[in-house]
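Beneath this line is the structure, given in structure tokens, with notes to follow.
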Amino acid sequence: MMRFAAAAGSFLALVLAALPVSAPAATVDPRIVRWFHAGDCPAFNGNVFRAYAKDPPWVKNENESLDWGRGLAEEQPIYVYDPARHLAIFRPRTDSDGSVTARILGPPPPGVPRESRIVRTTSGVTIGSPAATVVRLIGTPLIVKGCGVERYAYQRTRFAEPTSLEFTIRAGLVVEIFENFGG
């Protein structure tokens, strides 16, 4: 019996050694992380709709989403900057993290790719759209206030894991769009 256990243990160690080990994701320069997240409102970090006292309403169009150039498939956090529109995009790691944030920001530190990306919702809401346009195109939101701004929150899908589409409004204009698309 002891010999069998030792052989089984050796076989298991051999199998485990042969399995591919995924390398850790490349680290992002801390200056880039600080740049993008310096203006984060703690009340709105992440997929906040799950923390609301009541559920946000459904979007008018159940296919509503954020078109932000989903062709990006890197296995690390992605920060992209559009210098013409002063727009930054952040997606944590991979699609399995299931979220993306687009917001107005000043120039990034070195190392952030600079390129133009399509950033608008299916209905046409973009950074800079008036809050009234969001309500007209997406529907009446659940409004949450924090850090001197408002967050317009919506539920986006009615199946599987709940997903959200949220807009940060400052001085009556969209300054940030957050989408949780599951995962």
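So you can find residues: chains in the structure tokens are A, B, ... in the order shown, residues in each start at 1, and ligands are numbered from 1 in order.
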>> Need to verify the contact set: region 102-109 of chain A, 8 Å, only C-alpha atoms, exclusion of same-chain residues closer than 4 positions in sequence. Can you return it as an NGL selection string?
In response: :A and (31-32 or 35-36 or 81 or 83 or 85-90 or 119 or 127 or 175-178)
Would you write out those residues with C-alpha atoms, as a PDB file, in the first residue's frame?
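This went into part_30.pdb:
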ATOM      1  CA  ARG A  31       2.349  56.532 -12.597  1.00  0.00           C
ATOM      2  CA  ILE A  32      -0.205  55.428 -15.206  1.00  0.00           C
ATOM      3  CA  TRP A  35      -2.940  59.261 -13.456  1.00  0.00           C
ATOM      4  CA  PHE A  36      -6.111  57.416 -14.461  1.00  0.00           C
ATOM      5  CA  TYR A  81      -5.522  57.948 -24.486  1.00  0.00           C
ATOM      6  CA  PRO A  83      -5.140  63.228 -27.372  1.00  0.00           C
ATOM      7  CA  ARG A  85     -10.561  64.468 -27.407  1.00  0.00           C
ATOM      8  CA  HIS A  86      -8.655  64.188 -24.085  1.00  0.00           C
ATOM      9  CA  LEU A  87     -10.392  60.880 -23.505  1.00  0.00           C
ATOM     10  CA  ALA A  88      -8.900  57.987 -21.547  1.00  0.00           C
ATOM     11  CA  ILE A  89     -10.104  54.385 -21.548  1.00  0.00           C
ATOM     12  CA  PHE A  90      -9.318  51.772 -18.910  1.00  0.00           C
ATOM     13  CA  VAL A 119     -16.446  55.663 -27.553  1.00  0.00           C
ATOM     14  CA  ILE A 127     -18.480  61.865 -23.365  1.00  0.00           C
ATOM     15  CA  VAL A 175     -17.750  63.100 -18.095  1.00  0.00           C
ATOM     16  CA  GLU A 176     -17.413  59.339 -17.617  1.00  0.00           C
ATOM     17  CA  ILE A 177     -19.089  56.172 -18.886  1.00  0.00           C
ATOM     18  CA  PHE A 178     -18.749  52.883 -17.010  1.00  0.00           C
TER      19      PHE A 178
END
> Do you have the CA of Thr163 (chain A)-CA of Thr27 (chain A) distance handy?
Replying inline: 27.4 Å
>> Taking 5 positions as the minimum chain separation for residues in the same chain, which residues sit within 8 Å of region 144-148 of chain A when counting only C-alpha atoms? Answer as a PyMOL selection string.
In response: chain A and resi 41+43-44+153+170
> Which value, in Å to one decimal, gives the distance between CA of Pro77 (chain A) and CA of Pro92 (chain A)?
Replying inline: 4.5 Å
Could you name the residues that touch Val125 (chain A) at 10 Å or less, counting only C-alpha atoms, but leaving out those on the same chain fewer than 3 positions away, as a JSON list (two decimals) with C-alpha atoms, in the first residue's frame?
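Produced file part16.json, reproduced below:
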[["chain", "number", "residue", "atom", "x", "y", "z"],
["A", 66, "LEU", "CA", -20.53, 50.97, -24.97],
["A", 119, "VAL", "CA", -16.45, 55.66, -27.55],
["A", 120, "ARG", "CA", -20.20, 55.97, -27.62],
["A", 121, "THR", "CA", -23.18, 53.95, -26.54],
["A", 122, "THR", "CA", -25.36, 52.07, -28.99],
["A", 128, "GLY", "CA", -19.71, 65.46, -23.37],
["A", 129, "SER", "CA", -23.37, 64.61, -24.11],
["A", 130, "PRO", "CA", -25.91, 66.56, -22.04],
["A", 131, "ALA", "CA", -27.55, 64.65, -19.18],
["A", 133, "THR", "CA", -29.71, 63.31, -23.89],
["A", 134, "VAL", "CA", -28.84, 60.34, -21.67],
["A", 135, "VAL", "CA", -32.37, 60.34, -20.21],
["A", 137, "LEU", "CA", -31.98, 58.00, -25.31],
["A", 138, "ILE", "CA", -31.41, 55.50, -22.48],
["A", 167, "PHE", "CA", -22.77, 57.71, -16.59],
["A", 174, "VAL", "CA", -21.38, 63.21, -19.28],
["A", 177, "ILE", "CA", -19.09, 56.17, -18.89]]
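Comparing the minimum interatomic distances between Ser164 (chain A) and each of A:Val28, A:Val100, A:Ala53, A:Ala38, counting only C-alpha atoms, we find that A:Val100 sits nearest.
With CA of Asn63 (chain A) on one side and CA of Thr157 (chain A) on the other, the separation reads 7.7 Å.
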> Would you give me, as an MDAnalysis selection string, the residues in region 24-155 of chain A that DSSP reads as strand (DSSP E or B)?
Replying inline: chainID A and resid 58 66:67 78:82 87:91 99:104 114 120:121 130 142:146 149:155
Selection to disk with N, CA and C atoms, as an mmCIF file, in the first residue's frame:
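Wrote out.cif, looks like this:
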data_model
loop_
_atom_site.group_PDB
_atom_site.id
_atom_site.type_symbol
_atom_site.label_atom_id
_atom_site.label_comp_id
_atom_site.auth_asym_id
_atom_site.auth_seq_id
_atom_site.Cartn_x
_atom_site.Cartn_y
_atom_site.Cartn_z
ATOM 1 N N TRP A 58 -34.142 49.456 -16.108
ATOM 2 C CA TRP A 58 -33.584 48.843 -17.312
ATOM 3 C C TRP A 58 -33.370 49.904 -18.372
ATOM 4 N N LEU A 66 -21.533 49.965 -24.680
ATOM 5 C CA LEU A 66 -20.527 50.975 -24.971
ATOM 6 C C LEU A 66 -19.617 50.445 -26.071
ATOM 7 N N ASP A 67 -19.517 51.167 -27.181
ATOM 8 C CA ASP A 67 -18.626 50.786 -28.272
ATOM 9 C C ASP A 67 -17.302 51.487 -28.028
ATOM 10 N N ILE A 78 -5.456 47.686 -19.613
ATOM 11 C CA ILE A 78 -5.289 48.496 -20.812
ATOM 12 C C ILE A 78 -5.669 49.937 -20.507
ATOM 13 N N TYR A 79 -4.753 50.837 -20.775
ATOM 14 C CA TYR A 79 -5.005 52.263 -20.680
ATOM 15 C C TYR A 79 -4.720 52.837 -22.064
ATOM 16 N N VAL A 80 -5.669 53.565 -22.635
ATOM 17 C CA VAL A 80 -5.509 54.166 -23.954
ATOM 18 C C VAL A 80 -5.918 55.624 -23.831
ATOM 19 N N TYR A 81 -5.230 56.512 -24.555
ATOM 20 C CA TYR A 81 -5.522 57.948 -24.486
ATOM 21 C C TYR A 81 -5.732 58.505 -25.887
ATOM 22 N N ASP A 82 -6.810 59.260 -26.066
ATOM 23 C CA ASP A 82 -7.103 59.948 -27.319
ATOM 24 C C ASP A 82 -6.739 61.415 -27.122
ATOM 25 N N LEU A 87 -9.568 61.960 -24.000
ATOM 26 C CA LEU A 87 -10.392 60.880 -23.505
ATOM 27 C C LEU A 87 -9.505 59.693 -23.168
ATOM 28 N N ALA A 88 -9.672 59.153 -21.972
ATOM 29 C CA ALA A 88 -8.900 57.987 -21.547
ATOM 30 C C ALA A 88 -9.838 56.800 -21.381
ATOM 31 N N ILE A 89 -9.339 55.622 -21.697
ATOM 32 C CA ILE A 89 -10.104 54.385 -21.548
ATOM 33 C C ILE A 89 -9.288 53.436 -20.688
ATOM 34 N N PHE A 90 -9.966 52.769 -19.760
ATOM 35 C CA PHE A 90 -9.318 51.772 -18.910
ATOM 36 C C PHE A 90 -10.169 50.512 -18.899
ATOM 37 N N ARG A 91 -9.526 49.388 -19.158
ATOM 38 C CA ARG A 91 -10.174 48.086 -19.013
ATOM 39 C C ARG A 91 -9.254 47.224 -18.176
ATOM 40 N N SER A 99 -15.461 44.873 -17.385
ATOM 41 C CA SER A 99 -15.812 46.285 -17.235
ATOM 42 C C SER A 99 -14.867 47.149 -18.058
ATOM 43 N N VAL A 100 -15.330 48.343 -18.349
ATOM 44 C CA VAL A 100 -14.510 49.335 -19.033
ATOM 45 C C VAL A 100 -14.968 50.708 -18.557
ATOM 46 N N THR A 101 -14.028 51.628 -18.407
ATOM 47 C CA THR A 101 -14.331 52.995 -18.013
ATOM 48 C C THR A 101 -13.728 53.929 -19.049
ATOM 49 N N ALA A 102 -14.522 54.890 -19.517
ATOM 50 C CA ALA A 102 -14.033 55.941 -20.407
ATOM 51 C C ALA A 102 -14.298 57.263 -19.713
ATOM 52 N N ARG A 103 -13.295 58.144 -19.667
ATOM 53 C CA ARG A 103 -13.473 59.427 -18.996
ATOM 54 C C ARG A 103 -12.572 60.492 -19.600
ATOM 55 N N ILE A 104 -12.917 61.738 -19.355
ATOM 56 C CA ILE A 104 -12.100 62.864 -19.785
ATOM 57 C C ILE A 104 -10.932 62.983 -18.819
ATOM 58 N N ARG A 114 -1.396 56.176 -27.423
ATOM 59 C CA ARG A 114 -2.230 57.298 -27.854
ATOM 60 C C ARG A 114 -2.859 56.933 -29.189
ATOM 61 N N ARG A 120 -18.825 55.502 -27.701
ATOM 62 C CA ARG A 120 -20.199 55.973 -27.625
ATOM 63 C C ARG A 120 -21.080 54.773 -27.309
ATOM 64 N N THR A 121 -22.249 55.049 -26.786
ATOM 65 C CA THR A 121 -23.176 53.952 -26.535
ATOM 66 C C THR A 121 -23.901 53.614 -27.836
ATOM 67 N N PRO A 130 -25.133 66.026 -23.162
ATOM 68 C CA PRO A 130 -25.910 66.562 -22.042
ATOM 69 C C PRO A 130 -26.638 65.444 -21.289
ATOM 70 N N LEU A 142 -31.540 55.638 -12.254
ATOM 71 C CA LEU A 142 -31.396 55.762 -10.810
ATOM 72 C C LEU A 142 -30.248 56.746 -10.640
ATOM 73 N N ILE A 143 -30.478 57.839 -9.916
ATOM 74 C CA ILE A 143 -29.440 58.857 -9.748
ATOM 75 C C ILE A 143 -28.840 58.728 -8.359
ATOM 76 N N VAL A 144 -27.516 58.590 -8.319
ATOM 77 C CA VAL A 144 -26.780 58.503 -7.066
ATOM 78 C C VAL A 144 -25.816 59.677 -7.044
ATOM 79 N N LYS A 145 -25.722 60.362 -5.899
ATOM 80 C CA LYS A 145 -24.838 61.520 -5.788
ATOM 81 C C LYS A 145 -23.634 61.176 -4.924
ATOM 82 N N GLY A 146 -22.490 61.719 -5.310
ATOM 83 C CA GLY A 146 -21.261 61.522 -4.557
ATOM 84 C C GLY A 146 -20.143 62.333 -5.162
ATOM 85 N N VAL A 149 -20.711 65.045 -7.924
ATOM 86 C CA VAL A 149 -21.236 64.679 -9.239
ATOM 87 C C VAL A 149 -22.402 63.715 -9.046
ATOM 88 N N GLU A 150 -23.054 63.383 -10.153
ATOM 89 C CA GLU A 150 -24.142 62.409 -10.112
ATOM 90 C C GLU A 150 -23.751 61.206 -10.963
ATOM 91 N N ARG A 151 -24.246 60.046 -10.561
ATOM 92 C CA ARG A 151 -24.061 58.823 -11.349
ATOM 93 C C ARG A 151 -25.444 58.386 -11.797
ATOM 94 N N TYR A 152 -25.649 58.315 -13.120
ATOM 95 C CA TYR A 152 -26.889 57.799 -13.695
ATOM 96 C C TYR A 152 -26.667 56.308 -13.929
ATOM 97 N N ALA A 153 -27.426 55.477 -13.255
ATOM 98 C CA ALA A 153 -27.212 54.032 -13.312
ATOM 99 C C ALA A 153 -28.392 53.318 -13.946
ATOM 100 N N TYR A 154 -28.060 52.324 -14.760
ATOM 101 C CA TYR A 154 -29.053 51.504 -15.453
ATOM 102 C C TYR A 154 -28.621 50.044 -15.393
ATOM 103 N N GLN A 155 -29.625 49.139 -15.409
ATOM 104 C CA GLN A 155 -29.345 47.723 -15.625
ATOM 105 C C GLN A 155 -29.403 47.515 -17.135
#
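Contact shell of Arg156 (chain A) at 10 Å (only C-alpha atoms; same-chain neighbours under 6 positions omitted): Pro56, Pro57, Trp58, Val59, Lys60, Asn61, Glu62, Asn63, Glu64, Ser65, Pro162, Thr163, Ser164, Leu165, Glu166, Glu179, Asn180 and Phe181 of chain A.
Each of A:Thr126, A:Val33, A:Ala84, A:Gly39 was checked against Trp68 (chain A) using only C-alpha atoms; the smallest atom-to-atom distance is that of A:Thr126.
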